[in-house]
Amino acid sequence: MIKKLLFLFVLTAIFLAVIPQLTKPSSTLKAVFRLTEQPAVIVKGTQGSALTINISFGEKEVEELLENLSQPYPLLFIDSDWASRFPHITEQIKQRSLPVALLGTEGQQYESNPGLLSKQLQTFEELFNTRPLWFRTTDEEFPLALLQELSEAEINALGSTIQWSGGTLPKASKGEIIVVPYTLNEHVATADVKRLLASRTFQSVEDLLFRTTVKTKKIPQ
């Protein structure tokens with residue numbers, strides 16, 4: 001009888017310890033968010049390479065790009081207005097579980113239009129059924145008010161170390177975050193993206209930052 005009671009006691013203790021861990025929300029967002037104590041733009045780690053792609057224009061070009069991506073996938077910064085115009089591509093991205101983030105507009109626009117970020121976030125969440133963990137403006141300018149709004153929304157501001165539009169491959173550097181554009185004015189040919197992918201071993205932004213000390217760009221107060 002005593003052995004049975006002890007067994008039940010141990011079983012209950014294990015149950016009470018495990019259940020809260022199973023039922024609480026995923027810690028992924030919280031683990032990445034607040035990599036810096038103050039609002040700042042993450043621009044580099046200290047080891048490895050991560051590829052990000054800004055997508056705000058194109059259809060066939062983007063479809064060709066996506067078809068040629070393989071794991072580890074680059075982080076796709078998606079303009080929500082663009083995604084609204086091409087729901088079939090958005091669906092492809094979701095079906096393949098490609099990592100996505102929110103691509104905004106120029107930084108100055110968030111000063112003149114305080115509700116802009118909220119609107120873009122709402123559209124993004126409706127399209128992808130998830131809240132973005134990362135955000136980037138097209139010019140990588142982040143006014144302090146925007147950074148504070150991102151902080152309140154628990155979204156990280158991610159800049160880049162290298163902006164590459166094709167041509168000579170950039171020299172590899174530890175902790176680099178490379179951005180490739182697919183915009184109205186420029187996009188990189190799929191063949192060039194393949195050259196870049198073959199030039200070094202890429203990893204996810206999370207792996208680049210979780211295992212390292214993050215380098216940030218200070219924001220004037």
# chains A, B, ... in the order shown; residues from 1 in each chain; ligands from 1
$ residues_around --residues "Asn54 (chain A)" --least-positions-apart "2" --cutoff "7 Å" --atoms "only C-alpha atoms" --output "list in words"
Thr52, Ser56, Leu76, Phe77, Ile78, Leu103, Val179, Val180, Pro181 and Tyr182 of chain A
$ write_last_selection --atoms "C-alpha atoms" --output "mmCIF file, in the first residue's frame"
data_model
loop_
_atom_site.group_PDB
_atom_site.id
_atom_site.type_symbol
_atom_site.label_atom_id
_atom_site.label_comp_id
_atom_site.auth_asym_id
_atom_site.auth_seq_id
_atom_site.Cartn_x
_atom_site.Cartn_y
_atom_site.Cartn_z
ATOM 1 C CA THR A 52 17.866 37.602 -46.159
ATOM 2 C CA SER A 56 8.310 43.912 -52.713
ATOM 3 C CA LEU A 76 12.189 36.401 -46.627
ATOM 4 C CA PHE A 77 11.256 39.982 -45.796
ATOM 5 C CA ILE A 78 7.829 40.361 -47.389
ATOM 6 C CA LEU A 103 9.359 44.408 -44.934
ATOM 7 C CA VAL A 179 20.359 41.189 -48.013
ATOM 8 C CA VAL A 180 19.374 40.569 -51.642
ATOM 9 C CA PRO A 181 16.673 42.784 -53.236
ATOM 10 C CA TYR A 182 13.606 41.854 -55.256
#
$ residues_around --residues "region 112-127 of chain A" --least-positions-apart "3" --cutoff "8 Å" --atoms "only C-alpha atoms" --output "list of chain:residue names"
A:Ser80, A:Asp81, A:Ala83, A:Ser84, A:Thr90, A:Leu102, A:Gly104, A:Gln108, A:Gln109, A:Thr130, A:Arg131, A:Pro132
$ atom_distance --atom1 "CA of Lys44 (chain A)" --atom2 "CA of Ile177 (chain A)"
5.9 Å
$ select_by_dssp --residues "region 89-219 of chain A" --states "helix (DSSP H, G or I)" --output "ChimeraX atom specification"
/A:89-95,109-112,116-128,144-152,190-199,205-210
$ write_last_selection --atoms "N, CA and C atoms" --output "short mmCIF file (atom, residue, chain, number, x, y, z; two decimals), in the first residue's frame"
data_model
loop_
_atom_site.label_atom_id
_atom_site.label_comp_id
_atom_site.auth_asym_id
_atom_site.auth_seq_id
_atom_site.Cartn_x
_atom_site.Cartn_y
_atom_site.Cartn_z
N ILE A 89 1.35 33.07 -54.44
CA ILE A 89 2.74 32.96 -53.98
C ILE A 89 2.79 32.90 -52.46
N THR A 90 1.95 33.69 -51.83
CA THR A 90 1.86 33.66 -50.37
C THR A 90 1.51 32.27 -49.89
N GLU A 91 0.59 31.62 -50.59
CA GLU A 91 0.19 30.27 -50.22
C GLU A 91 1.34 29.28 -50.40
N GLN A 92 2.12 29.45 -51.45
CA GLN A 92 3.29 28.60 -51.66
C GLN A 92 4.29 28.74 -50.52
N ILE A 93 4.50 29.98 -50.11
CA ILE A 93 5.43 30.25 -49.02
C ILE A 93 4.95 29.56 -47.74
N LYS A 94 3.67 29.66 -47.47
CA LYS A 94 3.11 29.04 -46.27
C LYS A 94 3.20 27.52 -46.34
N GLN A 95 2.88 26.95 -47.49
CA GLN A 95 2.90 25.49 -47.63
C GLN A 95 4.30 24.92 -47.45
N GLN A 109 8.66 57.41 -43.34
CA GLN A 109 7.22 57.33 -43.47
C GLN A 109 6.53 56.96 -42.15
N TYR A 110 7.26 56.32 -41.27
CA TYR A 110 6.67 55.93 -39.98
C TYR A 110 6.59 57.12 -39.02
N GLU A 111 7.36 58.14 -39.31
CA GLU A 111 7.26 59.37 -38.52
C GLU A 111 6.07 60.20 -38.98
N SER A 112 5.83 60.25 -40.28
CA SER A 112 4.71 61.04 -40.82
C SER A 112 3.38 60.30 -40.75
N LEU A 116 1.05 53.48 -39.57
CA LEU A 116 1.47 52.66 -40.70
C LEU A 116 1.92 51.27 -40.28
N LEU A 117 2.76 51.18 -39.26
CA LEU A 117 3.27 49.88 -38.84
C LEU A 117 2.13 48.96 -38.40
N SER A 118 1.20 49.51 -37.64
CA SER A 118 0.07 48.71 -37.16
C SER A 118 -0.73 48.14 -38.32
N LYS A 119 -0.94 48.95 -39.34
CA LYS A 119 -1.69 48.51 -40.52
C LYS A 119 -0.94 47.40 -41.25
N GLN A 120 0.36 47.58 -41.42
CA GLN A 120 1.17 46.57 -42.11
C GLN A 120 1.21 45.26 -41.34
N LEU A 121 1.31 45.36 -40.04
CA LEU A 121 1.32 44.16 -39.20
C LEU A 121 0.00 43.40 -39.32
N GLN A 122 -1.09 44.12 -39.29
CA GLN A 122 -2.40 43.48 -39.40
C GLN A 122 -2.54 42.71 -40.72
N THR A 123 -2.13 43.34 -41.82
CA THR A 123 -2.21 42.69 -43.12
C THR A 123 -1.31 41.46 -43.17
N PHE A 124 -0.10 41.59 -42.65
CA PHE A 124 0.85 40.48 -42.63
C PHE A 124 0.28 39.29 -41.85
N GLU A 125 -0.26 39.56 -40.69
CA GLU A 125 -0.81 38.49 -39.85
C GLU A 125 -1.99 37.81 -40.51
N GLU A 126 -2.82 38.58 -41.20
CA GLU A 126 -3.97 37.99 -41.90
C GLU A 126 -3.51 37.09 -43.04
N LEU A 127 -2.43 37.46 -43.70
CA LEU A 127 -1.94 36.69 -44.85
C LEU A 127 -1.18 35.44 -44.43
N PHE A 128 -0.35 35.56 -43.40
CA PHE A 128 0.54 34.46 -43.03
C PHE A 128 0.13 33.74 -41.75
N LEU A 144 13.67 56.51 -33.89
CA LEU A 144 13.54 56.03 -32.52
C LEU A 144 12.10 55.67 -32.18
N ALA A 145 11.14 56.46 -32.65
CA ALA A 145 9.73 56.18 -32.36
C ALA A 145 9.32 54.83 -32.96
N LEU A 146 9.84 54.51 -34.14
CA LEU A 146 9.54 53.22 -34.77
C LEU A 146 10.14 52.08 -33.96
N LEU A 147 11.37 52.26 -33.51
CA LEU A 147 12.01 51.22 -32.70
C LEU A 147 11.25 50.97 -31.40
N GLN A 148 10.75 52.04 -30.81
CA GLN A 148 9.98 51.88 -29.58
C GLN A 148 8.67 51.15 -29.84
N GLU A 149 8.05 51.45 -30.99
CA GLU A 149 6.81 50.76 -31.35
C GLU A 149 7.07 49.28 -31.61
N LEU A 150 8.18 48.98 -32.25
CA LEU A 150 8.55 47.58 -32.49
C LEU A 150 8.82 46.87 -31.17
N SER A 151 9.47 47.57 -30.26
CA SER A 151 9.77 46.98 -28.95
C SER A 151 8.49 46.63 -28.21
N GLU A 152 7.52 47.52 -28.25
CA GLU A 152 6.24 47.26 -27.59
C GLU A 152 5.51 46.08 -28.23
N THR A 190 18.29 34.68 -60.59
CA THR A 190 18.35 33.42 -59.86
C THR A 190 19.73 32.79 -59.93
N ALA A 191 20.38 32.89 -61.10
CA ALA A 191 21.72 32.33 -61.26
C ALA A 191 22.71 32.99 -60.30
N ASP A 192 22.55 34.30 -60.08
CA ASP A 192 23.43 35.00 -59.15
C ASP A 192 23.16 34.59 -57.70
N VAL A 193 21.89 34.39 -57.38
CA VAL A 193 21.55 33.92 -56.04
C VAL A 193 22.17 32.55 -55.80
N LYS A 194 22.16 31.69 -56.82
CA LYS A 194 22.78 30.38 -56.69
C LYS A 194 24.28 30.51 -56.44
N ARG A 195 24.93 31.46 -57.15
CA ARG A 195 26.36 31.68 -56.94
C ARG A 195 26.63 32.11 -55.50
N LEU A 196 25.80 32.98 -55.00
CA LEU A 196 25.97 33.45 -53.63
C LEU A 196 25.78 32.32 -52.64
N LEU A 197 24.73 31.52 -52.84
CA LEU A 197 24.46 30.40 -51.93
C LEU A 197 25.60 29.38 -51.92
N ALA A 198 26.25 29.23 -53.08
CA ALA A 198 27.35 28.26 -53.18
C ALA A 198 28.66 28.80 -52.64
N SER A 199 28.72 30.10 -52.36
CA SER A 199 29.98 30.73 -51.98
C SER A 199 30.35 30.53 -50.52
N VAL A 205 18.94 33.18 -39.40
CA VAL A 205 19.25 34.36 -38.60
C VAL A 205 19.26 34.00 -37.12
N GLU A 206 18.33 33.16 -36.70
CA GLU A 206 18.27 32.76 -35.30
C GLU A 206 19.55 32.06 -34.86
N ASP A 207 20.05 31.13 -35.69
CA ASP A 207 21.29 30.43 -35.35
C ASP A 207 22.47 31.39 -35.32
N LEU A 208 22.46 32.34 -36.25
CA LEU A 208 23.53 33.33 -36.31
C LEU A 208 23.60 34.15 -35.02
N LEU A 209 22.43 34.46 -34.45
CA LEU A 209 22.37 35.36 -33.31
C LEU A 209 22.30 34.65 -31.97
N PHE A 210 21.68 33.48 -31.91
CA PHE A 210 21.55 32.78 -30.64
C PHE A 210 22.90 32.36 -30.08
#
$ residues_around --residues "region 169-175 of chain A" --least-positions-apart "4" --cutoff "6 Å" --atoms "only C-alpha atoms" --output "PDB file with N, CA, C and O atoms, in the first residue's frame"
ATOM      1  N   LYS A  44      24.574  42.554 -37.226  1.00  0.00           N
ATOM      2  CA  LYS A  44      25.602  41.542 -37.413  1.00  0.00           C
ATOM      3  C   LYS A  44      25.761  40.689 -36.169  1.00  0.00           C
ATOM      4  O   LYS A  44      25.510  41.144 -35.057  1.00  0.00           O
ATOM      5  N   GLY A  45      26.151  39.427 -36.376  1.00  0.00           N
ATOM      6  CA  GLY A  45      26.555  38.579 -35.276  1.00  0.00           C
ATOM      7  C   GLY A  45      28.074  38.539 -35.244  1.00  0.00           C
ATOM      8  O   GLY A  45      28.738  39.456 -35.733  1.00  0.00           O
ATOM      9  N   THR A  46      28.647  37.469 -34.699  1.00  0.00           N
ATOM     10  CA  THR A  46      30.105  37.358 -34.680  1.00  0.00           C
ATOM     11  C   THR A  46      30.593  36.068 -35.313  1.00  0.00           C
ATOM     12  O   THR A  46      31.791  35.796 -35.331  1.00  0.00           O
ATOM     13  N   GLN A  47      29.688  35.240 -35.846  1.00  0.00           N
ATOM     14  CA  GLN A  47      30.106  34.021 -36.526  1.00  0.00           C
ATOM     15  C   GLN A  47      29.041  33.611 -37.538  1.00  0.00           C
ATOM     16  O   GLN A  47      27.878  33.962 -37.410  1.00  0.00           O
ATOM     17  N   GLY A  48      29.476  32.921 -38.588  1.00  0.00           N
ATOM     18  CA  GLY A  48      28.529  32.409 -39.571  1.00  0.00           C
ATOM     19  C   GLY A  48      28.030  33.463 -40.547  1.00  0.00           C
ATOM     20  O   GLY A  48      28.442  34.629 -40.521  1.00  0.00           O
ATOM     21  N   SER A  49      27.118  33.030 -41.431  1.00  0.00           N
ATOM     22  CA  SER A  49      26.516  33.906 -42.439  1.00  0.00           C
ATOM     23  C   SER A  49      25.025  33.617 -42.526  1.00  0.00           C
ATOM     24  O   SER A  49      24.609  32.467 -42.455  1.00  0.00           O
TER      25      SER A  49
END
$ closest_residue --among "A:Phe135, A:Phe57, A:Phe86, A:Tyr73" --to "Gly107 (chain A)" --atoms "only C-alpha atoms"
A:Phe135
$ select_by_dssp --residues "region 1-190 of chain A" --states "strand (DSSP E)" --output "short mmCIF file (atom, residue, chain, number, x, y, z; two decimals) with C-alpha atoms, in the first residue's frame"
data_model
loop_
_atom_site.label_atom_id
_atom_site.label_comp_id
_atom_site.auth_asym_id
_atom_site.auth_seq_id
_atom_site.Cartn_x
_atom_site.Cartn_y
_atom_site.Cartn_z
CA VAL A 41 18.94 47.65 -34.93
CA ILE A 42 20.66 44.28 -35.17
CA VAL A 43 23.13 44.36 -38.07
CA LYS A 44 25.60 41.54 -37.41
CA SER A 49 26.52 33.91 -42.44
CA ALA A 50 22.78 34.53 -42.85
CA LEU A 51 20.96 35.40 -46.06
CA THR A 52 17.87 37.60 -46.16
CA ILE A 53 15.82 38.61 -49.21
CA ASN A 54 13.65 41.73 -49.52
CA ILE A 55 10.57 41.05 -51.67
CA LEU A 75 14.71 34.79 -44.26
CA LEU A 76 12.19 36.40 -46.63
CA PHE A 77 11.26 39.98 -45.80
CA ILE A 78 7.83 40.36 -47.39
CA ASP A 79 6.06 43.61 -48.26
CA VAL A 100 9.09 35.17 -43.33
CA ALA A 101 9.43 38.63 -41.81
CA LEU A 102 7.81 42.00 -42.46
CA LEU A 103 9.36 44.41 -44.93
CA TRP A 134 11.67 40.45 -37.56
CA PHE A 135 11.08 43.82 -39.26
CA ARG A 136 13.13 45.87 -41.70
CA ASN A 156 13.14 42.83 -33.61
CA ALA A 157 14.57 45.44 -36.00
CA LEU A 158 16.98 43.72 -38.37
CA ILE A 162 26.02 43.64 -46.73
CA GLN A 163 23.54 44.72 -49.41
CA GLU A 176 27.43 38.76 -41.72
CA ILE A 177 23.77 39.36 -42.56
CA ILE A 178 23.41 39.67 -46.34
CA VAL A 179 20.36 41.19 -48.01
CA VAL A 180 19.37 40.57 -51.64
CA PRO A 181 16.67 42.78 -53.24
CA TYR A 182 13.61 41.85 -55.26
#
$ closest_residue --among "A:Thr201, A:Ala40, A:Glu64, A:Thr105" --to "Ala189 (chain A)" --atoms "only C-alpha atoms"
A:Glu64
$ atom_distance --atom1 "CA of His187 (chain A)" --atom2 "CA of Ser97 (chain A)"
22.9 Å
$ closest_residue --among "A:Gly159, A:Thr168, A:Trp82, A:Ser70" --to "Thr138 (chain A)" --atoms "only C-alpha atoms"
A:Gly159
$ atom_distance --atom1 "CA of Asn68 (chain A)" --atom2 "CA of Ser160 (chain A)"
22.7 Å
